[in-house]
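Undergrad: Okay, handing you the structure first.
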Amino acid sequence: MRSLFTAALAISLCLSARAADVEFVRVWPGWQDADSFRRISEYFTGVENTGGIIIRRSQPDIRSGFYFLVRVKHPRVALTGARFVLHFIAPYAPEPQEKAFTVDAPPGEHVFDLGLTGGDWTGRHAHLVAWKLELLSADGLSLASAESFLWSKPAGVHD
């Protein structure tokens, strides 16, 4: 029984350390036109040059959309099989919606651009009501999260 407890404690500490080693440095939501992704090299090669940013789009063939530019520090944690889950309330639908974006990145610091594109977003003049962004490990452990002020009720507010 003691060895089972010790093993469970070790796994728990390992998972906690893993989650503690991942941090959202900045989350910056905003509209981006398709032209903002074009670089001169694309005219010659026909291949999108991401400039080192990891781009994920809800509809991969469409570039214009509402994006979350996210800088993530994870110096000791590989994001193998991880996924971002974006929960959001759009101005055109009062119920929360959810989109997931897969990611694989070695340990380090990376910038991700996560886009609601095509029919998943209504256009440049639409603004989110509220949002929450989570980074989950392959096994579903929450590694990091950030949310807008309106996502959760402030302390002391009751129904």
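FYI, nothing fancy with the structure tokens labels: chains A, B, ... in order, residues from 1 per chain, ligands from 1 as they appear.
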What lies within 6 Å of region 99-115 of chain A using only C-alpha atoms, ignoring chain neighbours under 2 positions off, as a PyMOL selection string?
TA: chain A and resi 53-57+65-86+117
Undergrad: DSSP on the backbone, then: every residue of chain A marked strand (DSSP E or B), written as a PyMOL selection string.
TA: chain A and resi 23-32+54-57+65-74+82-90+93-103+108-117+130-136+142-147
Undergrad: Between CA of Ala90 (chain A) and CA of Ala130 (chain A), what is the distance, to one decimal in Å?
TA: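 It comes out at 7.4 Å.
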Undergrad: Can you tell me which residues surround Ser64 (chain A) at a distance of at most 7 Å, considering only C-alpha atoms, apart from same-chain residues fewer than 5 positions away, and format the answer as a ChimeraX atom specification?
TA: /A:32-34,117
Undergrad: For each of A:Ser142, A:His87, A:Trp151, A:Pro94, take the minimum atom-to-atom distance to Asp21 (chain A), counting only C-alpha atoms, then give the residue where this is smallest.
TA: A:Ser142
Undergrad: Hey, what's within 8 Å of Gln59 (chain A) if we count only C-alpha atoms and toss same-chain stuff fewer than 5 positions away? As JSON, numbers by chain, please?
TA: {"A": [116, 117, 118, 120]}
Undergrad: Convert the current residue selection to file output with C-alpha atoms, as a PDB file, in the first residue's frame.
TA:
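Result written to again.pdb:
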```pdb
ATOM      1  CA  LEU A 116     -10.908  31.496 -36.268  1.00  0.00           C
ATOM      2  CA  THR A 117     -11.131  31.704 -40.047  1.00  0.00           C
ATOM      3  CA  GLY A 118     -13.692  31.385 -42.807  1.00  0.00           C
ATOM      4  CA  ASP A 120     -15.956  30.377 -38.020  1.00  0.00           C
TER       5      ASP A 120
END
```
Undergrad: Give the helix (DSSP H, G or I) residues of chain A, as DSSP finds them on the backbone, and put them as number ranges by chain.
TA: A: 2-20, 34-37, 40-45, 118-120
Undergrad: Generate a file of the selected residues that holds C-alpha atoms, formatted as an mmCIF file, in the first residue's frame.
TA:
```
data_model
loop_
_atom_site.group_PDB
_atom_site.id
_atom_site.type_symbol
_atom_site.label_atom_id
_atom_site.label_comp_id
_atom_site.auth_asym_id
_atom_site.auth_seq_id
_atom_site.Cartn_x
_atom_site.Cartn_y
_atom_site.Cartn_z
ATOM 1 C CA ARG A 2 2.841 2.339 0.860
ATOM 2 C CA SER A 3 4.527 1.791 -2.520
ATOM 3 C CA LEU A 4 1.239 2.510 -4.310
ATOM 4 C CA PHE A 5 0.903 5.782 -2.390
ATOM 5 C CA THR A 6 4.526 6.679 -3.170
ATOM 6 C CA ALA A 7 4.004 5.977 -6.880
ATOM 7 C CA ALA A 8 0.810 8.051 -6.960
ATOM 8 C CA LEU A 9 2.566 10.929 -5.195
ATOM 9 C CA ALA A 10 5.495 10.788 -7.633
ATOM 10 C CA ILE A 11 3.164 10.860 -10.639
ATOM 11 C CA SER A 12 1.204 13.746 -9.126
ATOM 12 C CA LEU A 13 4.376 15.754 -8.478
ATOM 13 C CA CYS A 14 5.633 15.039 -11.990
ATOM 14 C CA LEU A 15 2.365 16.232 -13.552
ATOM 15 C CA SER A 16 2.308 19.335 -11.328
ATOM 16 C CA ALA A 17 5.890 20.165 -12.243
ATOM 17 C CA ARG A 18 5.057 19.687 -15.904
ATOM 18 C CA ALA A 19 2.115 22.097 -15.719
ATOM 19 C CA ALA A 20 4.150 24.592 -13.684
ATOM 20 C CA ALA A 34 -4.891 37.513 -45.303
ATOM 21 C CA ASP A 35 -2.359 40.054 -46.631
ATOM 22 C CA SER A 36 -0.694 40.300 -43.214
ATOM 23 C CA PHE A 37 0.586 36.733 -43.708
ATOM 24 C CA ILE A 40 7.962 38.382 -50.487
ATOM 25 C CA SER A 41 9.350 34.820 -50.417
ATOM 26 C CA GLU A 42 5.829 33.454 -50.936
ATOM 27 C CA TYR A 43 5.625 35.148 -54.333
ATOM 28 C CA PHE A 44 8.706 33.191 -55.446
ATOM 29 C CA THR A 45 8.076 29.849 -53.753
ATOM 30 C CA GLY A 118 -13.692 31.385 -42.807
ATOM 31 C CA GLY A 119 -17.215 30.653 -41.601
ATOM 32 C CA ASP A 120 -15.956 30.377 -38.020
#
```
Undergrad: Report the distance between CA of Ser137 (chain A) and CA of Ile89 (chain A) in Å, rounded to one decimal place.
TA: 23.8 Å
Undergrad: Would you compute the distance between CA of Gln97 (chain A) and CA of Val22 (chain A)? Give it in Å to one decimal.
TA: 24.8 Å
Undergrad: Need the shell around His127 (chain A): protein/DNA/RNA residues with any atom at most 10 Å away, counting only C-alpha atoms. Skip same-chain ones fewer than 5 positions apart. Format as a PDB file with N, CA and C atoms, in the first residue's frame?
TA:
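Now in selection_20.pdb:
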```pdb
ATOM      1  N   PRO A  29      -5.426  38.848 -28.685  1.00  0.00           N
ATOM      2  CA  PRO A  29      -6.461  38.571 -29.694  1.00  0.00           C
ATOM      3  C   PRO A  29      -6.666  39.759 -30.632  1.00  0.00           C
ATOM      4  N   GLY A  30      -6.994  39.451 -31.891  1.00  0.00           N
ATOM      5  CA  GLY A  30      -7.300  40.517 -32.837  1.00  0.00           C
ATOM      6  C   GLY A  30      -7.478  40.003 -34.250  1.00  0.00           C
ATOM      7  N   TRP A  31      -8.066  40.835 -35.086  1.00  0.00           N
ATOM      8  CA  TRP A  31      -8.317  40.514 -36.484  1.00  0.00           C
ATOM      9  C   TRP A  31      -7.023  40.600 -37.283  1.00  0.00           C
ATOM     10  N   PHE A  66     -10.038  36.012 -37.067  1.00  0.00           N
ATOM     11  CA  PHE A  66      -9.780  36.516 -35.725  1.00  0.00           C
ATOM     12  C   PHE A  66      -8.770  35.569 -35.084  1.00  0.00           C
ATOM     13  N   ILE A  89     -17.287  33.317 -26.705  1.00  0.00           N
ATOM     14  CA  ILE A  89     -18.654  33.773 -26.936  1.00  0.00           C
ATOM     15  C   ILE A  89     -18.558  34.842 -28.007  1.00  0.00           C
ATOM     16  N   ALA A  90     -19.154  34.552 -29.148  1.00  0.00           N
ATOM     17  CA  ALA A  90     -19.108  35.457 -30.294  1.00  0.00           C
ATOM     18  C   ALA A  90     -20.282  36.437 -30.230  1.00  0.00           C
ATOM     19  N   PRO A  91     -20.170  37.560 -30.916  1.00  0.00           N
ATOM     20  CA  PRO A  91     -21.265  38.532 -30.880  1.00  0.00           C
ATOM     21  C   PRO A  91     -22.532  38.044 -31.577  1.00  0.00           C
ATOM     22  N   TYR A  92     -22.416  37.021 -32.405  1.00  0.00           N
ATOM     23  CA  TYR A  92     -23.556  36.523 -33.164  1.00  0.00           C
ATOM     24  C   TYR A  92     -24.214  35.294 -32.543  1.00  0.00           C
ATOM     25  N   TRP A 121     -15.748  32.798 -38.288  1.00  0.00           N
ATOM     26  CA  TRP A 121     -15.751  34.174 -37.809  1.00  0.00           C
ATOM     27  C   TRP A 121     -16.433  35.060 -38.836  1.00  0.00           C
ATOM     28  N   THR A 122     -17.151  36.082 -38.354  1.00  0.00           N
ATOM     29  CA  THR A 122     -18.003  36.871 -39.246  1.00  0.00           C
ATOM     30  C   THR A 122     -17.326  38.023 -39.958  1.00  0.00           C
TER      31      THR A 122
END
```
